[in-house]
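**Student:** Input file: start_8.cif. Contents: mmCIF, C-alpha atoms and all ligand atoms.
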```cif
data_query
loop_
_atom_site.label_atom_id
_atom_site.label_comp_id
_atom_site.auth_asym_id
_atom_site.auth_seq_id
_atom_site.Cartn_x
_atom_site.Cartn_y
_atom_site.Cartn_z
CA MET O 163 164.42 18.89 43.49
CA GLU O 164 166.11 21.90 41.93
CA ALA O 165 167.09 25.40 43.01
CA LEU O 166 167.46 28.83 41.42
CA ARG O 167 169.97 31.40 42.54
CA ALA O 168 169.08 35.10 42.16
CA SER O 169 167.87 37.99 44.24
CA ILE O 170 164.45 37.09 45.63
CA LEU O 171 161.62 39.43 46.67
CA HIS O 172 158.13 38.54 47.86
CA CYS O 173 155.38 39.94 50.11
CA LEU O 174 154.09 38.43 53.34
CA ALA O 175 151.34 41.03 53.82
CA ASP O 176 150.24 44.43 52.49
CA PRO O 177 153.23 46.78 52.91
CA GLY O 178 150.76 49.69 52.86
CA GLU O 179 151.62 53.28 52.05
CA GLY O 180 154.71 53.11 54.27
CA SER O 181 156.21 49.99 52.68
CA LYS O 182 156.16 48.33 56.12
CA PRO O 183 159.43 46.31 56.24
CA SER O 184 157.88 43.29 57.99
CA ALA O 185 155.44 42.91 55.07
CA TRP O 186 158.07 41.84 52.54
CA GLU O 187 161.26 39.80 52.41
CA TYR O 188 164.28 40.39 50.21
CA PHE O 189 167.28 38.13 49.79
CA GLU O 190 169.99 39.88 47.79
CA ASP O 191 171.82 36.60 47.16
CA GLY O 192 168.92 34.19 47.43
CA LEU O 193 168.09 30.61 46.66
CA LEU O 194 164.64 29.31 45.75
CA ALA O 195 164.19 25.53 46.02
CA VAL O 196 161.42 23.75 44.14
CA HIS O 197 160.20 20.17 44.13
CA ASP O 198 157.24 18.64 42.31
CA GLY O 199 155.95 22.05 41.30
CA ARG O 200 155.95 23.40 44.88
CA ILE O 201 158.13 25.81 46.83
CA VAL O 202 160.37 23.91 49.24
CA ASP O 203 162.52 26.73 50.56
CA ALA O 204 163.41 30.38 49.93
CA GLY O 205 165.98 32.49 51.69
CA PRO O 206 169.63 33.59 51.79
CA ALA O 207 171.61 31.32 49.44
CA ASP O 208 174.07 30.08 52.07
CA ALA O 209 171.41 29.20 54.60
CA VAL O 210 169.10 27.50 52.09
CA ARG O 211 171.94 25.54 50.49
CA ALA O 212 172.93 24.15 53.88
CA ARG O 213 169.42 22.74 54.25
CA LEU O 214 169.33 21.11 50.79
CA PRO O 215 170.91 17.90 49.42
CA ALA O 216 174.53 18.52 48.38
CA ASP O 217 174.03 17.34 44.78
CA ILE O 218 171.11 19.64 44.03
CA GLU O 219 171.04 21.21 40.57
CA VAL O 220 171.25 25.02 40.74
CA THR O 221 170.17 27.32 37.89
CA ASP O 222 172.13 30.54 38.10
CA TYR O 223 170.20 33.78 37.58
CA ALA O 224 172.80 35.95 39.34
CA GLY O 225 172.02 39.65 39.04
CA LYS O 226 168.36 39.00 38.25
CA LEU O 227 165.30 39.20 40.53
CA ILE O 228 162.83 36.40 41.19
CA VAL O 229 159.33 37.50 42.20
CA PRO O 230 156.11 35.48 42.52
CA GLY O 231 154.25 35.06 39.22
CA PHE O 232 152.01 38.03 38.52
CA ILE O 233 148.26 37.61 38.91
CA ASP O 234 145.93 39.54 36.60
CA CYS O 235 142.59 39.99 38.41
CA HIS O 236 140.61 41.16 35.39
CA VAL O 237 141.23 40.72 31.67
CA HIS O 238 139.28 39.92 28.47
CA PHE O 239 141.14 37.46 26.24
CA PRO O 240 138.86 38.05 23.21
CA GLN O 241 139.83 41.73 23.20
CA LEU O 242 143.51 41.07 22.55
CA ASP O 243 143.29 42.49 19.04
CA ILE O 244 141.55 45.79 19.91
CA ILE O 245 144.05 47.14 22.45
CA GLY O 246 144.57 50.84 21.90
CA SER O 247 141.36 51.63 19.99
CA TYR O 248 140.87 55.35 19.63
CA GLY O 249 138.49 57.88 20.94
CA ALA O 250 135.60 56.39 22.88
CA GLN O 251 134.49 56.10 26.49
CA LEU O 252 133.04 52.86 27.84
CA LEU O 253 129.56 52.56 26.33
CA ASP O 254 130.57 53.76 22.86
CA TRP O 255 133.81 51.76 23.07
CA LEU O 256 131.78 48.58 23.70
CA ASN O 257 129.63 49.20 20.63
CA GLN O 258 132.40 50.37 18.33
CA TYR O 259 135.17 47.95 19.28
CA ALA O 260 134.44 45.28 21.90
CA TYR O 261 131.20 43.79 20.56
CA PRO O 262 132.39 43.54 16.92
CA VAL O 263 135.64 41.78 17.91
CA GLU O 264 133.74 39.44 20.26
CA ALA O 265 131.27 38.53 17.48
CA LYS O 266 134.19 36.91 15.60
CA PHE O 267 134.35 34.30 18.37
CA ALA O 268 131.33 32.55 16.87
CA ASP O 269 134.13 30.67 15.07
CA PRO O 270 135.70 28.14 17.51
CA ASP O 271 138.95 28.00 15.51
CA HIS O 272 139.35 31.75 15.89
CA ALA O 273 138.65 31.44 19.64
CA ARG O 274 141.38 28.80 19.99
CA GLU O 275 143.92 30.80 18.01
CA VAL O 276 143.39 33.94 20.12
CA ALA O 277 143.33 31.95 23.39
CA ASN O 278 146.75 30.43 22.67
CA ALA O 279 148.24 33.75 21.63
CA PHE O 280 146.77 35.35 24.76
CA VAL O 281 148.19 32.90 27.31
CA ASP O 282 151.60 33.00 25.62
CA GLU O 283 151.50 36.78 25.94
CA LEU O 284 150.61 36.48 29.65
CA LEU O 285 153.61 34.23 30.23
CA ARG O 286 155.91 36.52 28.25
CA ASN O 287 154.95 39.23 30.74
CA GLY O 288 155.52 37.09 33.84
CA THR O 289 151.81 36.57 34.49
CA THR O 290 151.04 33.05 35.68
CA THR O 291 147.42 33.39 36.83
CA ALA O 292 144.51 35.41 35.50
CA LEU O 293 140.78 35.89 35.98
CA VAL O 294 139.54 36.01 32.40
CA PHE O 295 136.39 37.05 30.53
CA GLY O 296 135.46 35.00 27.47
CA THR O 297 132.70 35.94 25.05
CA VAL O 298 129.05 34.88 25.15
CA HIS O 299 130.01 31.73 23.22
CA ALA O 300 130.50 28.68 25.48
CA HIS O 301 133.35 27.46 23.29
CA SER O 302 135.32 30.64 24.10
CA ALA O 303 135.59 29.33 27.67
CA ASP O 304 136.62 25.90 26.40
CA ALA O 305 139.31 27.57 24.28
CA ILE O 306 140.91 29.53 27.12
CA PHE O 307 140.72 26.58 29.54
CA GLU O 308 142.36 24.28 26.97
CA ALA O 309 145.13 26.82 26.36
CA ALA O 310 145.80 27.19 30.11
CA GLU O 311 145.59 23.47 30.74
CA ALA O 312 148.20 22.79 28.03
CA ARG O 313 150.58 25.08 29.95
CA SER O 314 149.58 23.87 33.47
CA MET O 315 148.55 27.41 34.40
CA ARG O 316 146.28 28.29 37.30
CA LEU O 317 143.54 30.24 35.52
CA ILE O 318 139.93 31.18 36.17
CA ALA O 319 137.55 32.02 33.34
CA GLY O 320 133.94 31.98 32.24
CA LYS O 321 131.59 32.42 29.35
CA VAL O 322 129.92 35.83 29.34
CA LEU O 323 126.23 36.09 30.25
CA MET O 324 124.47 38.85 28.28
CA ASP O 325 120.88 38.80 27.09
CA SER O 326 119.93 42.46 26.60
CA ASN O 327 121.14 45.89 25.41
CA CYS O 328 123.70 44.37 23.08
CA PRO O 329 123.89 43.11 19.47
CA GLU O 330 121.50 40.27 18.64
CA GLU O 331 124.28 37.86 17.65
CA LEU O 332 125.93 38.24 21.07
CA ARG O 333 122.85 37.40 23.15
CA ASP O 334 122.16 34.29 25.15
CA SER O 335 119.04 33.91 27.31
CA PRO O 336 118.51 33.35 31.03
CA ASP O 337 117.93 29.63 30.35
CA SER O 338 120.67 29.03 27.78
CA GLY O 339 123.22 31.10 29.74
CA TYR O 340 122.40 29.14 32.88
CA ALA O 341 122.59 25.74 31.15
CA GLU O 342 125.82 26.51 29.28
CA SER O 343 127.51 27.91 32.39
CA LYS O 344 126.45 24.87 34.39
CA ALA O 345 127.87 22.51 31.78
CA LEU O 346 131.15 24.49 31.73
CA ILE O 347 131.36 24.38 35.54
CA GLU O 348 130.90 20.61 35.45
CA ARG O 349 133.53 20.29 32.72
CA TRP O 350 136.23 22.66 33.99
CA HIS O 351 135.80 23.88 37.57
CA GLY O 352 138.43 22.24 39.79
CA LYS O 353 139.99 20.36 36.87
CA GLY O 354 143.73 20.58 37.56
CA ARG O 355 144.46 24.22 38.29
CA LEU O 356 141.41 25.63 36.51
CA GLY O 357 138.42 27.35 38.05
CA TYR O 358 135.13 28.65 36.71
CA ALA O 359 133.84 32.20 37.08
CA ILE O 360 130.14 32.93 36.59
CA THR O 361 130.48 35.96 34.31
CA PRO O 362 127.53 38.33 33.83
CA ARG O 363 129.09 41.08 31.69
CA PHE O 364 127.54 43.88 33.78
CA ALA O 365 124.09 44.77 35.05
CA LEU O 366 123.32 46.77 31.88
CA THR O 367 123.48 43.73 29.60
CA SER O 368 121.65 41.17 31.75
CA SER O 369 117.91 41.10 32.37
CA PRO O 370 116.76 40.66 35.98
CA GLU O 371 115.87 37.08 35.00
CA GLN O 372 119.45 36.45 33.88
CA LEU O 373 120.95 38.06 36.99
CA ALA O 374 118.67 35.80 39.05
CA ALA O 375 119.90 32.76 37.08
CA ALA O 376 123.50 33.83 37.75
CA GLY O 377 122.67 34.14 41.45
CA LYS O 378 121.13 30.66 41.42
CA LEU O 379 124.32 29.22 39.90
CA ALA O 380 126.43 31.11 42.44
CA ASP O 381 124.34 29.52 45.17
CA GLU O 382 124.48 26.02 43.70
CA TYR O 383 128.26 26.20 43.20
CA PRO O 384 129.54 28.24 46.16
CA ASP O 385 133.22 27.68 45.38
CA THR O 386 133.00 29.07 41.85
CA TRP O 387 134.03 32.66 41.27
CA ILE O 388 131.76 35.51 40.18
CA HIS O 389 133.34 38.01 37.78
CA THR O 390 131.73 41.20 36.52
CA HIS O 391 132.13 44.97 36.12
CA LEU O 392 130.99 47.54 38.66
CA ALA O 393 130.72 51.35 38.65
CA GLU O 394 133.29 51.98 35.93
CA ASN O 395 131.83 54.93 34.03
CA MET O 396 129.47 57.77 35.02
CA ASP O 397 127.07 57.24 32.06
CA GLU O 398 126.92 53.55 32.95
CA VAL O 399 126.15 54.35 36.60
CA GLU O 400 123.34 56.74 35.53
CA GLN O 401 121.82 54.12 33.22
CA ILE O 402 121.93 51.56 36.03
CA ALA O 403 120.05 53.97 38.28
CA ARG O 404 117.34 54.32 35.57
CA GLN O 405 117.19 50.58 34.85
CA PHE O 406 117.07 49.56 38.52
CA PRO O 407 115.22 52.44 40.24
CA ASP O 408 114.59 50.40 43.40
CA SER O 409 118.25 49.69 44.04
CA ARG O 410 120.19 51.76 46.54
CA SER O 411 123.29 51.67 44.36
CA TYR O 412 124.96 49.78 41.51
CA LEU O 413 126.48 47.30 43.97
CA ASP O 414 123.04 46.84 45.49
CA VAL O 415 121.75 45.51 42.13
CA TYR O 416 124.27 42.68 42.35
CA GLU O 417 123.52 42.19 46.06
CA GLN O 418 119.82 41.74 45.36
CA PHE O 419 120.62 38.86 43.03
CA GLY O 420 123.00 37.13 45.45
CA LEU O 421 126.11 38.03 43.47
CA VAL O 422 128.10 39.75 46.23
CA ARG O 423 129.81 36.95 48.07
CA GLU O 424 133.20 35.46 48.76
CA ARG O 425 135.06 34.86 45.46
CA ALA O 426 133.10 37.63 43.71
CA VAL O 427 135.52 39.97 41.92
CA PHE O 428 134.28 43.34 40.69
CA ALA O 429 136.33 45.16 38.09
CA HIS O 430 136.84 48.93 38.47
CA CYS O 431 134.70 50.00 41.51
CA LEU O 432 135.33 53.68 40.76
CA HIS O 433 132.07 55.48 41.48
CA MET O 434 131.18 54.04 44.87
CA ASN O 435 130.39 55.28 48.35
CA ASP O 436 131.51 54.13 51.79
CA GLN O 437 128.39 52.03 52.28
CA ASP O 438 129.19 50.08 49.10
CA ARG O 439 132.78 49.53 50.19
CA ALA O 440 131.67 48.39 53.65
CA SER O 441 129.20 45.98 52.07
CA MET O 442 131.86 44.54 49.77
CA ALA O 443 134.12 44.00 52.77
CA THR O 444 131.38 42.40 54.89
CA ASN O 445 130.49 40.05 52.05
CA ARG O 446 134.18 39.32 51.39
CA ALA O 447 133.93 40.41 47.74
CA ALA O 448 137.04 41.83 46.05
CA ALA O 449 137.95 44.68 43.71
CA ALA O 450 140.14 44.62 40.59
CA PHE O 451 141.99 47.93 40.16
CA CYS O 452 142.54 48.47 36.42
CA PRO O 453 144.49 51.71 36.07
CA THR O 454 145.54 51.54 32.41
CA SER O 455 141.92 50.98 31.41
CA ASN O 456 140.56 53.62 33.77
CA LEU O 457 142.91 56.22 32.28
CA PHE O 458 142.58 55.06 28.67
CA LEU O 459 138.76 54.99 28.67
CA GLY O 460 138.63 58.16 30.78
CA SER O 461 136.64 56.32 33.43
CA GLY O 462 137.96 57.72 36.72
CA LEU O 463 140.38 57.27 39.61
CA PHE O 464 140.31 54.19 41.87
CA ASP O 465 140.47 54.99 45.59
CA LEU O 466 142.85 52.35 46.98
CA THR O 467 143.09 53.98 50.41
CA ALA O 468 139.31 53.98 50.91
CA MET O 469 139.06 50.38 49.68
CA ARG O 470 141.82 49.07 51.93
CA GLU O 471 140.57 51.07 54.93
CA ALA O 472 137.13 49.53 54.40
CA GLY O 473 138.82 46.10 54.41
CA VAL O 474 138.24 45.19 50.76
CA CYS O 475 140.78 42.86 49.11
CA CYS O 476 142.24 44.46 45.99
CA GLY O 477 144.35 43.18 43.13
CA LEU O 478 145.55 44.73 39.89
CA GLY O 479 143.82 43.96 36.61
CA THR O 480 145.00 44.84 33.12
CA ASP O 481 141.47 44.88 31.61
CA VAL O 482 142.85 44.39 28.12
CA GLY O 483 141.39 45.50 25.61
CA GLY O 484 140.11 48.59 27.52
CA GLY O 485 143.46 48.41 29.28
CA THR O 486 146.56 49.10 27.25
CA SER O 487 149.05 46.46 28.41
CA LEU O 488 149.14 42.85 29.57
CA SER O 489 152.19 43.67 31.70
CA LEU O 490 151.49 43.99 35.41
CA LEU O 491 154.69 46.05 35.72
CA ARG O 492 153.25 48.58 33.25
CA THR O 493 149.92 48.35 35.07
CA ALA O 494 151.64 49.04 38.41
CA SER O 495 153.23 52.12 36.91
CA GLU O 496 149.83 53.49 35.88
CA ALA O 497 148.49 52.58 39.33
CA TYR O 498 151.22 54.77 40.78
CA LYS O 499 150.10 57.69 38.61
CA VAL O 500 146.40 57.26 39.38
CA LEU O 501 147.09 57.10 43.10
CA HIS O 502 149.43 60.06 42.91
CA LEU O 503 146.45 62.13 41.77
CA ARG O 504 144.83 61.00 45.04
CA GLU O 505 147.86 62.03 47.09
CA HIS O 506 148.94 58.44 47.70
CA ALA O 507 152.52 57.65 46.64
CA LEU O 508 152.29 53.91 45.93
CA PRO O 509 155.51 52.21 47.10
CA ALA O 510 156.95 49.61 44.72
CA THR O 511 156.54 46.94 47.40
CA GLN O 512 152.81 47.71 47.71
CA ALA O 513 152.52 47.61 43.92
CA LEU O 514 154.19 44.18 43.98
CA TYR O 515 151.69 43.12 46.65
CA LEU O 516 148.75 44.22 44.47
CA ALA O 517 150.15 42.16 41.58
CA THR O 518 150.94 39.04 43.64
CA LEU O 519 149.81 38.26 47.21
CA GLY O 520 147.08 40.93 47.29
CA ALA O 521 145.70 39.61 44.02
CA ALA O 522 145.85 36.06 45.40
CA GLU O 523 143.86 37.23 48.44
CA ALA O 524 141.34 38.94 46.15
CA LEU O 525 140.86 35.61 44.36
CA ARG O 526 140.91 33.66 47.66
CA LEU O 527 143.90 31.69 46.38
CA GLU O 528 146.40 32.92 48.96
CA ASP O 529 146.85 29.40 50.32
CA LYS O 530 148.11 28.32 46.88
CA ILE O 531 149.90 31.22 45.17
CA GLY O 532 151.08 34.80 45.73
CA ASN O 533 154.43 34.36 47.51
CA PHE O 534 157.18 31.86 48.31
CA GLU O 535 155.88 30.29 51.50
CA GLU O 536 156.77 26.61 51.70
CA GLY O 537 154.25 24.38 49.96
CA LYS O 538 152.84 27.03 47.63
CA GLU O 539 152.77 26.44 43.88
CA ALA O 540 156.06 27.32 42.21
CA ASP O 541 154.87 30.01 39.80
CA PHE O 542 157.37 32.84 39.44
CA ALA O 543 158.98 35.37 37.14
CA VAL O 544 162.67 36.12 36.70
CA LEU O 545 163.02 39.86 36.15
CA ASP O 546 166.05 41.29 34.37
CA PHE O 547 167.16 44.76 35.46
CA GLU O 548 169.21 44.86 32.28
CA GLY O 549 166.40 44.00 29.87
CA SER O 550 166.86 47.35 28.14
CA ASN O 551 169.70 49.86 28.11
CA LEU O 552 167.61 52.38 30.00
CA THR O 553 166.55 50.01 32.80
CA ALA O 554 170.17 48.80 33.09
CA ARG O 555 171.41 52.38 33.58
CA ARG O 556 168.59 53.38 35.89
CA CYS O 557 168.83 50.27 38.08
CA ALA O 558 172.64 50.56 38.29
CA ALA O 559 172.11 54.05 39.69
CA ALA O 560 169.63 52.79 42.31
CA SER O 561 170.83 51.77 45.75
CA THR O 562 167.95 49.87 47.37
CA ILE O 563 165.73 47.07 46.09
CA GLU O 564 162.70 49.33 46.55
CA GLU O 565 164.30 51.93 44.30
CA LYS O 566 165.28 49.31 41.71
CA LEU O 567 161.83 47.73 41.68
CA PHE O 568 160.22 51.14 41.35
CA ALA O 569 162.50 51.95 38.40
CA LEU O 570 161.56 48.61 36.82
CA MET O 571 157.85 49.16 37.25
CA THR O 572 158.17 52.64 35.77
CA LEU O 573 160.31 51.62 32.79
CA ALA O 574 160.01 47.88 32.21
CA ASP O 575 158.32 45.92 29.46
CA ASP O 576 158.45 42.28 28.44
CA ARG O 577 162.18 42.61 27.65
CA ASN O 578 162.67 42.78 31.41
CA VAL O 579 161.02 39.40 32.00
CA ALA O 580 163.88 36.94 31.45
CA ALA O 581 161.88 33.81 32.24
CA THR O 582 158.54 32.67 33.62
CA TYR O 583 158.11 29.44 35.57
CA VAL O 584 154.83 27.58 35.95
CA GLU O 585 154.71 24.82 38.58
CA GLY O 586 158.50 24.93 38.75
CA ARG O 587 158.95 24.44 35.00
CA LEU O 588 160.30 27.03 32.57
CA ALA O 589 157.40 28.19 30.40
N1 LIG F 601 131.85 46.83 31.03
C1 LIG F 601 131.10 45.92 30.39
N2 LIG F 601 131.82 45.25 29.46
C2 LIG F 601 133.05 45.76 29.53
C3 LIG F 601 134.27 45.49 28.81
O1 LIG F 601 134.36 44.64 27.94
N3 LIG F 601 135.35 46.24 29.17
C4 LIG F 601 135.31 47.18 30.14
N4 LIG F 601 136.40 47.87 30.45
N5 LIG F 601 134.19 47.46 30.81
C5 LIG F 601 133.08 46.76 30.50
ZN ZN F 602 136.70 44.58 31.76
#
```
Once you've parsed the file, please lay out its structure as structure tokens.

**Tutor:**
Amino acid sequence: MEALRASILHCLADPGEGSKPSAWEYFEDGLLAVHDGRIVDAGPADAVRARLPADIEVTDYAGKLIVPGFIDCHVHFPQLDIIGSYGAQLLDWLNQYAYPVEAKFADPDHAREVANAFVDELLRNGTTTALVFGTVHAHSADAIFEAAEARSMRLIAGKVLMDSNCPEELRDSPDSGYAESKALIERWHGKGRLGYAITPRFALTSSPEQLAAAGKLADEYPDTWIHTHLAENMDEVEQIARQFPDSRSYLDVYEQFGLVRERAVFAHCLHMNDQDRASMATNRAAAAFCPTSNLFLGSGLFDLTAMREAGVCCGLGTDVGGGTSLSLLRTASEAYKVLHLREHALPATQALYLATLGAAEALRLEDKIGNFEEGKEADFAVLDFEGSNLTARRCAAASTIEEKLFALMTLADDRNVAATYVEGRLA
């Protein structure tokens, strides 16, 4: 057993727009005890120390802040090298930037190199779990699973299904996509901390036959995840309406193929109505809010209030490479700005929730990760208020933890992540 001494902050529920005090716990001088990769205890240092063996080894992070490891609910590892590509909205951006960079993943060595760089970058930013898109190539999923497994990370990923409206060299077929996904599920799903996500890119790039095959897999393997995009861009939504004239809405296309169920995570969810949100809630599907991407690609403004009022679980996603940062602190800052345009002032504690416990709930992993309840997996980040001169000055001028955390999320980058722990071990 070992313990870490620092300030400790974690969420117990959604603090909501009012930063409800009972929804989060803060220990200014805290102690976090870990054994065998699990949380044993967390609380005020004096009280926790009295409950622990006298000879316990304590790592001192005085002045720093320990938070649960960040959870990225939507990201594309193959797009690492096209972050910040100029000038296009979604459909042109896919053709100009995303598809060409994904075509390079025909080479398994390239896939492995990017996968390793990607997970190291996650850890550098305090992210310990992610729901990850691969490319159409089955070995892209092998590459990201191998990289996560080597670091003991809890990570969910899948090979992309796409058989139409995309470059020839990036197409699978309903049969090959089904067979390859099935083989990957058998190989990786539930292996250690890894999970498989059935990953149709979006309804524009899968034929009805392929969506049906994805639905069949989802039915055959009910504890796998489903990961796709939904209602991100207005041109996309209009094309969906033309391609699926009998569907009530974009979400309804996925519903018809059995893809709206528990453990289904839909990225973006911008251009939706109340009926769609109610249906997502009833079916226990979740939304990934990707503010840096939504601003960068000019896609639109996520409506967190409407989603939460409808009862939909929501987590933050970076959506790199449409998104512009792998940092969930940076992402939280853009979430604040998006929501401000909707007259919702996102409290720092609610932002933390969306990047930790809320994201765990969206992935249905809240029994394993997301906060420091006893028995949960010991994944956490040590944040450094003094990571840069500016954050040091700004945080010194702040009086409450909410104010300090808000300053961090507005100003921080990976310099403010002093350490990341995975299963209780320094990564
Ligand atoms: N919709 C379909 N594919 C993609 C993608 O790669 N990125 C984003 N942001 N949206 C998509
Ligand atoms: Zn995406």

**Student:** Would you mind listing the residues within 9 Å of ligand ZN 602 (chain F), counting all atoms listed in the file, as a ChimeraX atom specification?

**Tutor:** /O:236-238,295,363,390-391,429-430,452,455,479-485

**Student:** Suppose we keep C-alpha atoms; can you now write the selection as a PDB file, in the coordinates of the input?

**Tutor:**
```pdb
ATOM      1  CA  HIS O 236     140.610  41.160  35.390  1.00  0.00           C
ATOM      2  CA  VAL O 237     141.230  40.720  31.670  1.00  0.00           C
ATOM      3  CA  HIS O 238     139.280  39.920  28.470  1.00  0.00           C
ATOM      4  CA  PHE O 295     136.390  37.050  30.530  1.00  0.00           C
ATOM      5  CA  ARG O 363     129.090  41.080  31.690  1.00  0.00           C
ATOM      6  CA  THR O 390     131.730  41.200  36.520  1.00  0.00           C
ATOM      7  CA  HIS O 391     132.130  44.970  36.120  1.00  0.00           C
ATOM      8  CA  ALA O 429     136.330  45.160  38.090  1.00  0.00           C
ATOM      9  CA  HIS O 430     136.840  48.930  38.470  1.00  0.00           C
ATOM     10  CA  CYS O 452     142.540  48.470  36.420  1.00  0.00           C
ATOM     11  CA  SER O 455     141.920  50.980  31.410  1.00  0.00           C
ATOM     12  CA  GLY O 479     143.820  43.960  36.610  1.00  0.00           C
ATOM     13  CA  THR O 480     145.000  44.840  33.120  1.00  0.00           C
ATOM     14  CA  ASP O 481     141.470  44.880  31.610  1.00  0.00           C
ATOM     15  CA  VAL O 482     142.850  44.390  28.120  1.00  0.00           C
ATOM     16  CA  GLY O 483     141.390  45.500  25.610  1.00  0.00           C
ATOM     17  CA  GLY O 484     140.110  48.590  27.520  1.00  0.00           C
ATOM     18  CA  GLY O 485     143.460  48.410  29.280  1.00  0.00           C
TER      19      GLY O 485
END
```

**Student:** To one decimal place in Å, what is the distance between CA of Asn435 in chain O and CA of Glu496 in chain O?

**Tutor:**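 Spanning CA of Asn435 in chain O to CA of Glu496 in chain O is a straight-line distance of 23.2 Å.
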
**Student:** Using CA of Asp381 in chain O and CA of Phe419 in chain O as the two end points, give the distance in Å to one decimal.

**Tutor:**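 So the two atoms, CA of Asp381 in chain O and CA of Phe419 in chain O, lie 10.3 Å apart.
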
**Student:** Tell me which of O:Ile228, O:Ile245, O:Ala279, O:Leu503 sits closest to Val263 in chain O, counting only C-alpha atoms.

**Tutor:** O:Ile245

**Student:** Here is a test: counting only C-alpha atoms, which residue of O:Leu573, O:Ser489, O:Thr291, O:Glu505 is nearest to Ser314 in chain O?

**Tutor:**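 Selected residue with least distance to Ser314 in chain O: O:Thr291.
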